>>> print(open('input.pdb').read())   # PDB, C-alpha atoms
MODEL        1
ATOM      1  CA  MET A   3     -24.482 -17.585  42.040
ATOM      2  CA  THR A   4     -21.482 -18.111  39.753
ATOM      3  CA  LEU A   5     -21.233 -21.217  37.656
ATOM      4  CA  THR A   6     -18.014 -23.158  38.148
ATOM      5  CA  SER A   7     -17.299 -22.940  34.436
ATOM      6  CA  GLU A   8     -17.125 -19.156  34.840
ATOM      7  CA  VAL A   9     -14.707 -19.165  37.766
ATOM      8  CA  PHE A  10     -11.095 -18.472  36.924
ATOM      9  CA  THR A  11      -8.097 -16.755  38.390
ATOM     10  CA  GLN A  12      -7.359 -13.630  36.424
ATOM     11  CA  ALA A  13      -4.015 -13.746  34.567
ATOM     12  CA  SER A  14      -3.741 -17.510  35.071
ATOM     13  CA  GLU A  15      -4.003 -20.334  32.552
ATOM     14  CA  THR A  16      -7.728 -20.563  33.258
ATOM     15  CA  ASP A  17      -8.313 -16.883  32.396
ATOM     16  CA  PRO A  18     -10.227 -16.756  29.068
ATOM     17  CA  ALA A  19      -8.203 -13.697  27.975
ATOM     18  CA  ILE A  20      -4.935 -15.582  28.525
ATOM     19  CA  GLN A  21      -6.299 -18.593  26.638
ATOM     20  CA  ALA A  22      -7.472 -16.357  23.782
ATOM     21  CA  ARG A  23      -4.070 -14.661  23.559
ATOM     22  CA  ALA A  24      -2.437 -18.093  23.330
ATOM     23  CA  VAL A  25      -4.790 -19.087  20.496
ATOM     24  CA  ILE A  26      -4.020 -15.869  18.616
ATOM     25  CA  ARG A  27      -0.263 -16.196  19.200
ATOM     26  CA  THR A  28      -0.329 -19.752  17.879
ATOM     27  CA  GLY A  29      -2.164 -18.566  14.767
ATOM     28  CA  GLN A  30       0.338 -15.750  14.333
ATOM     29  CA  GLN A  31       3.448 -17.872  14.744
ATOM     30  CA  GLY A  32       2.456 -20.325  12.021
ATOM     31  CA  PRO A  33       3.034 -18.089   8.985
ATOM     32  CA  LEU A  34       6.433 -16.885  10.152
ATOM     33  CA  ALA A  35       7.596 -20.369  11.139
ATOM     34  CA  ALA A  36       6.588 -21.716   7.721
ATOM     35  CA  LEU A  37       8.014 -18.727   5.843
ATOM     36  CA  GLN A  38      11.505 -18.776   7.359
ATOM     37  CA  PRO A  39      12.736 -22.054   5.808
ATOM     38  CA  LYS A  40      11.304 -21.043   2.428
ATOM     39  CA  VAL A  41      13.201 -17.765   2.566
ATOM     40  CA  ALA A  42      16.378 -19.505   3.732
ATOM     41  CA  LEU A  43      16.154 -21.919   0.822
ATOM     42  CA  LEU A  44      16.203 -19.033  -1.656
ATOM     43  CA  THR A  45      18.616 -16.728   0.141
ATOM     44  CA  GLU A  46      21.178 -19.006   1.778
ATOM     45  CA  LEU A  47      21.635 -21.888  -0.629
ATOM     46  CA  GLU A  48      23.077 -21.986  -4.117
ATOM     47  CA  LEU A  49      20.329 -23.843  -5.939
ATOM     48  CA  GLY A  50      20.309 -25.035  -9.503
ATOM     49  CA  ALA A  51      17.889 -23.357 -11.896
ATOM     50  CA  ASP A  52      15.145 -25.979 -11.587
ATOM     51  CA  ALA A  53      15.369 -26.197  -7.791
ATOM     52  CA  ARG A  54      15.450 -22.404  -7.507
ATOM     53  CA  GLU A  55      12.396 -22.074  -9.722
ATOM     54  CA  ALA A  56      10.508 -24.667  -7.652
ATOM     55  CA  ALA A  57      11.517 -22.979  -4.385
ATOM     56  CA  LEU A  58      10.413 -19.590  -5.698
ATOM     57  CA  ALA A  59       7.072 -21.025  -6.868
ATOM     58  CA  ALA A  60       6.526 -22.594  -3.426
ATOM     59  CA  LEU A  61       7.353 -19.294  -1.698
ATOM     60  CA  ILE A  62       5.053 -17.304  -3.968
ATOM     61  CA  ASP A  63       2.247 -19.815  -3.413
ATOM     62  CA  PHE A  64       2.734 -19.613   0.347
ATOM     63  CA  CYS A  65       2.834 -15.806   0.402
ATOM     64  CA  THR A  66      -0.168 -15.326  -1.877
ATOM     65  CA  GLY A  67      -2.103 -17.984   0.039
ATOM     66  CA  SER A  68      -1.207 -18.401   3.695
ATOM     67  CA  VAL A  69       0.398 -15.020   4.390
ATOM     68  CA  ARG A  70      -2.390 -13.070   2.704
ATOM     69  CA  ARG A  71      -5.015 -15.221   4.425
ATOM     70  CA  HIS A  72      -3.306 -14.386   7.717
ATOM     71  CA  LEU A  73      -3.286 -10.648   6.917
ATOM     72  CA  ASN A  74      -6.958 -10.763   6.009
ATOM     73  CA  ALA A  75      -7.900 -12.769   9.112
ATOM     74  CA  THR A  76      -6.000 -10.380  11.341
ATOM     75  CA  ASP A  77      -7.619  -7.372   9.709
ATOM     76  CA  GLN A  78     -11.153  -8.720   9.988
ATOM     77  CA  ALA A  79     -10.941 -10.364  13.406
ATOM     78  CA  LEU A  80      -8.559  -8.094  15.316
ATOM     79  CA  TYR A  81      -8.128  -4.756  13.542
ATOM     80  CA  ALA A  82     -11.745  -4.081  12.561
ATOM     81  CA  PRO A  83     -13.134  -4.355  16.120
ATOM     82  CA  ALA A  84     -10.404  -2.037  17.435
ATOM     83  CA  ALA A  85     -10.413   0.466  14.559
ATOM     84  CA  GLY A  86     -13.240   2.568  15.966
ATOM     85  CA  SER A  87     -11.787   2.956  19.434
ATOM     86  CA  PRO A  88      -9.818   6.162  20.062
ATOM     87  CA  GLU A  89      -7.311   4.203  22.167
ATOM     88  CA  THR A  90      -6.308   1.921  19.299
ATOM     89  CA  ARG A  91      -7.220   3.852  16.154
ATOM     90  CA  LEU A  92      -3.678   5.059  15.436
ATOM     91  CA  LEU A  93      -2.200   1.626  16.173
ATOM     92  CA  ILE A  94      -4.633  -0.008  13.753
ATOM     93  CA  ARG A  95      -3.836   2.577  11.095
ATOM     94  CA  ALA A  96      -0.112   1.836  11.511
ATOM     95  CA  LEU A  97      -0.647  -1.938  11.414
ATOM     96  CA  ARG A  98      -2.779  -1.649   8.292
ATOM     97  CA  THR A  99      -0.111   0.486   6.631
ATOM     98  CA  ALA A 100       2.497  -2.144   7.507
ATOM     99  CA  ALA A 101       0.220  -4.889   6.141
ATOM    100  CA  THR A 102      -0.134  -2.931   2.895
ATOM    101  CA  VAL A 103       3.655  -2.731   2.577
ATOM    102  CA  LEU A 104       3.911  -6.475   3.170
ATOM    103  CA  ASP A 105       1.203  -7.078   0.576
ATOM    104  CA  ARG A 106       3.118  -4.918  -1.936
ATOM    105  CA  ASP A 107       6.275  -6.941  -1.280
ATOM    106  CA  ILE A 108       4.311 -10.093  -2.085
ATOM    107  CA  ASP A 109       3.059  -8.501  -5.310
ATOM    108  CA  ALA A 110       6.633  -7.530  -6.214
ATOM    109  CA  LEU A 111       7.805 -11.094  -5.580
ATOM    110  CA  THR A 112       5.196 -12.469  -7.969
ATOM    111  CA  ARG A 113       6.404 -10.120 -10.739
ATOM    112  CA  THR A 114      10.160 -10.646 -10.633
ATOM    113  CA  ASP A 115      12.531 -13.398 -11.609
ATOM    114  CA  ASP A 116      15.784 -11.461 -11.101
ATOM    115  CA  THR A 117      17.826 -13.525  -8.622
ATOM    116  CA  SER A 118      19.182 -10.615  -6.576
ATOM    117  CA  ARG A 119      15.786  -8.886  -6.518
ATOM    118  CA  VAL A 120      14.093 -12.118  -5.385
ATOM    119  CA  LYS A 121      16.580 -12.394  -2.524
ATOM    120  CA  THR A 122      15.991  -8.797  -1.439
ATOM    121  CA  ILE A 123      12.211  -9.083  -1.627
ATOM    122  CA  THR A 124      12.054 -12.401   0.246
ATOM    123  CA  GLN A 125      14.214 -11.012   3.033
ATOM    124  CA  SER A 126      11.994  -7.939   3.159
ATOM    125  CA  ILE A 127       8.854 -10.090   3.420
ATOM    126  CA  GLU A 128      10.381 -12.091   6.252
ATOM    127  CA  ALA A 129      11.506  -8.971   8.126
ATOM    128  CA  HIS A 130       8.192  -7.168   7.638
ATOM    129  CA  LEU A 131       6.183 -10.184   8.760
ATOM    130  CA  ALA A 132       8.358 -10.765  11.844
ATOM    131  CA  THR A 133       8.109  -7.110  12.867
ATOM    132  CA  HIS A 134       4.396  -6.981  12.124
ATOM    133  CA  LEU A 135       3.684 -10.036  14.264
ATOM    134  CA  ALA A 136       5.874  -8.734  17.087
ATOM    135  CA  VAL A 137       3.898  -5.466  17.211
ATOM    136  CA  GLU A 138       0.613  -7.353  17.144
ATOM    137  CA  GLN A 139       1.710  -9.536  20.049
ATOM    138  CA  ALA A 140       3.439  -6.877  22.140
ATOM    139  CA  VAL A 141       1.094  -3.945  21.553
ATOM    140  CA  LEU A 142      -2.188  -4.939  19.892
ATOM    141  CA  LEU A 143      -3.152  -7.934  22.038
ATOM    142  CA  PRO A 144      -2.636  -6.114  25.350
ATOM    143  CA  ALA A 145      -4.521  -3.094  23.958
ATOM    144  CA  LEU A 146      -7.447  -5.278  22.888
ATOM    145  CA  THR A 147      -7.784  -6.720  26.385
ATOM    146  CA  CYS A 148      -8.073  -3.205  27.823
ATOM    147  CA  LEU A 149     -10.807  -1.977  25.486
ATOM    148  CA  PRO A 150     -14.250  -1.828  27.085
ATOM    149  CA  GLY A 151     -16.621  -4.514  25.843
ATOM    150  CA  MET A 152     -13.920  -6.314  23.878
ATOM    151  CA  GLU A 153     -14.042 -10.073  24.341
ATOM    152  CA  LEU A 154     -10.707 -11.490  23.297
ATOM    153  CA  ALA A 155     -12.101 -15.034  23.295
ATOM    154  CA  ALA A 156     -14.658 -14.071  20.631
ATOM    155  CA  LEU A 157     -11.955 -12.320  18.584
ATOM    156  CA  ALA A 158      -9.716 -15.391  18.864
ATOM    157  CA  ALA A 159     -12.559 -17.616  17.664
ATOM    158  CA  ASP A 160     -13.173 -15.309  14.676
ATOM    159  CA  PHE A 161      -9.445 -15.212  13.916
ATOM    160  CA  THR A 162      -9.223 -19.012  13.957
ATOM    161  CA  THR A 163     -12.333 -19.334  11.778
ATOM    162  CA  LEU A 164     -10.814 -17.031   9.159
ATOM    163  CA  LEU A 165      -7.412 -18.720   9.253
ATOM    164  CA  ASP A 166      -9.148 -22.044   8.671
ATOM    165  CA  GLY A 167     -10.784 -20.635   5.544
ATOM    166  CA  GLY A 168     -14.178 -19.853   7.079
ATOM    167  CA  ARG A 169     -16.150 -16.647   6.798
ATOM    168  CA  LEU A 170     -17.616 -14.276   9.355
ATOM    169  CA  ASP A 171     -21.010 -12.662   9.218
ATOM    170  CA  ARG A 172     -20.655  -9.168   7.794
ATOM    171  CA  PRO A 173     -21.191  -6.435  10.411
ATOM    172  CA  ALA A 174     -23.901  -3.870   9.853
ATOM    173  CA  ASP A 175     -21.307  -1.088  10.287
ATOM    174  CA  LEU A 176     -18.618  -0.748   7.674
ATOM    175  CA  ASP A 177     -15.005  -0.328   8.770
ATOM    176  CA  VAL A 178     -13.937   2.453   6.403
ATOM    177  CA  GLY A 179     -10.297   2.237   7.430
ATOM    178  CA  ARG A 180      -9.923  -1.318   6.237
ATOM    179  CA  ALA A 181      -6.855  -1.807   4.042
ATOM    180  CA  VAL A 182      -6.967  -5.482   3.082
ATOM    181  CA  THR A 183      -9.982  -6.834   1.196
ATOM    182  CA  ASP A 184     -11.264 -10.361   0.896
ATOM    183  CA  ASP A 185     -12.545 -10.142  -2.677
TER     184      ASP A 185
ENDMDL
END
>>> encode(input="input.pdb", output="structure tokens")
Amino acid sequence: MTLTSEVFTQASETDPAIQARAVIRTGQQGPLAALQPKVALLTELELGADAREAALAALIDFCTGSVRRHLNATDQALYAPAAGSPETRLLIRALRTAATVLDRDIDALTRTDDTSRVKTITQSIEAHLATHLAVEQAVLLPALTCLPGMELAALAADFTTLLDGGRLDRPADLDVGRAVTDD
């Protein structure tokens, strides 16, 4: 006998995989939506020195906080479970490489005060993050739903926990391909 709470129409709004994808997409869209106006402020407006300095400080704080927290949450909750599967191993390696490049851009932003370099780096961060999120949504999420034994709802819950500043229990197996650390 099936409980009514377990009955759903696959690929409908009641499908747990569809609900989990929506939760993950919402978590993914937040960093980019918050980043874009910060980048526009520095790249599209002619700000005075004090306003420019404040805008740069706000962008750096956001990138070193929210963006890196997002990268770490994605790595732990979505990449790590898929890293061992032959079907997604190469994809995870590519996404981790892209996350490392994004992380390096953030480091470069924290070390420069040259106006033209700041503009170039901020545009690079925005472009890398947008592309990274697009690949996660278009390729990673569908791949995760096809992996045997993968419960997207559990991954979405872990992802949300990490984005909210929580911690996950450490797995007994180490993910040796992990690029982003949470030290």
>>> closest_residue(input="input.pdb", among="A:Thr28, A:Thr66, A:Ser87, A:Gln125", to="Thr162 in chain A", atoms="all atoms listed in the file")
A:Thr28
>>> closest_atom_pairs(input="input.pdb", of="range 71-144 of chain A", to="range 32-49 of chain A", cutoff="7 Å", atoms="all atoms listed in the file", output="CSV")
residue,atom,partner,partner_atom,distance
A:Lys121,CA,A:Thr45,CA,5.5
A:Thr124,CA,A:Val41,CA,6.0
A:Gln125,CA,A:Val41,CA,6.8
A:Glu128,CA,A:Gln38,CA,6.9
A:Leu131,CA,A:Leu34,CA,6.8
A:Ala132,CA,A:Leu34,CA,6.6
>>> residues_around(input="input.pdb", residues="range 97-101 of chain A", least_positions_apart="5", cutoff="10 Å", atoms="only C-alpha atoms", output="NGL selection string")
:A and (70 or 73-74 or 76-77 or 81 or 91-92 or 106-107 or 130-131 or 133-135 or 137-138 or 142 or 179-182)
>>> atom_distance(input="input.pdb", atom1="CA of Ala158 in chain A", atom2="CA of Ala22 in chain A")
5.5 Å
>>> closest_residue(input="input.pdb", among="A:Leu149, A:Ala79, A:Val120, A:Ala110", to="Ile26 in chain A", atoms="only C-alpha atoms")
A:Ala79
>>> atom_distance(input="input.pdb", atom1="CA of Asp160 in chain A", atom2="CA of Ile108 in chain A")
24.8 Å
>>> atom_distance(input="input.pdb", atom1="CA of Val141 in chain A", atom2="CA of Ile127 in chain A")
20.7 Å
>>> resolve_selection(input="input.pdb", expression="the PyMOL selection byres ((chain A and resi 154) around 10)", output="PDB file with C-alpha atoms, in the coordinates of the input")
ATOM      1  CA  PRO A  18     -10.227 -16.756  29.068  1.00  0.00           C
ATOM      2  CA  ALA A  19      -8.203 -13.697  27.975  1.00  0.00           C
ATOM      3  CA  ILE A  20      -4.935 -15.582  28.525  1.00  0.00           C
ATOM      4  CA  GLN A  21      -6.299 -18.593  26.638  1.00  0.00           C
ATOM      5  CA  ALA A  22      -7.472 -16.357  23.782  1.00  0.00           C
ATOM      6  CA  ARG A  23      -4.070 -14.661  23.559  1.00  0.00           C
ATOM      7  CA  ILE A  26      -4.020 -15.869  18.616  1.00  0.00           C
ATOM      8  CA  ALA A  79     -10.941 -10.364  13.406  1.00  0.00           C
ATOM      9  CA  LEU A  80      -8.559  -8.094  15.316  1.00  0.00           C
ATOM     10  CA  LEU A 143      -3.152  -7.934  22.038  1.00  0.00           C
ATOM     11  CA  PRO A 144      -2.636  -6.114  25.350  1.00  0.00           C
ATOM     12  CA  LEU A 146      -7.447  -5.278  22.888  1.00  0.00           C
ATOM     13  CA  THR A 147      -7.784  -6.720  26.385  1.00  0.00           C
ATOM     14  CA  CYS A 148      -8.073  -3.205  27.823  1.00  0.00           C
ATOM     15  CA  LEU A 149     -10.807  -1.977  25.486  1.00  0.00           C
ATOM     16  CA  GLY A 151     -16.621  -4.514  25.843  1.00  0.00           C
ATOM     17  CA  MET A 152     -13.920  -6.314  23.878  1.00  0.00           C
ATOM     18  CA  GLU A 153     -14.042 -10.073  24.341  1.00  0.00           C
ATOM     19  CA  ALA A 155     -12.101 -15.034  23.295  1.00  0.00           C
ATOM     20  CA  ALA A 156     -14.658 -14.071  20.631  1.00  0.00           C
ATOM     21  CA  LEU A 157     -11.955 -12.320  18.584  1.00  0.00           C
ATOM     22  CA  ALA A 158      -9.716 -15.391  18.864  1.00  0.00           C
ATOM     23  CA  ALA A 159     -12.559 -17.616  17.664  1.00  0.00           C
ATOM     24  CA  ASP A 160     -13.173 -15.309  14.676  1.00  0.00           C
TER      25      ASP A 160
END
>>> closest_residue(input="input.pdb", among="A:Leu58, A:Ala140, A:Leu165, A:Leu170", to="His72 in chain A", atoms="all atoms listed in the file")
A:Leu165
>>> residues_near_point(input="input.pdb", point="(8.1, -19.7, -8.3)", cutoff="12 Å", atoms="only C-alpha atoms", output="list in words")
Lys40, Leu44, Ala51, Asp52, Ala53, Arg54, Glu55, Ala56, Ala57, Leu58, Ala59, Ala60, Leu61, Ile62, Asp63, Phe64, Cys65, Thr66, Leu111, Thr112, Arg113, Thr114, Asp115, Asp116, Thr117, Val120 and Thr124 of chain A
>>> axis_aligned_box(input="input.pdb", around="range 123-139 of chain A", padding_each_side="6 Å", output="lines of an AutoDock Vina configuration file")
center_x = 7.4
center_y = -8.9
center_z = 9.2
size_x = 25.6
size_y = 18.9
size_z = 33.7
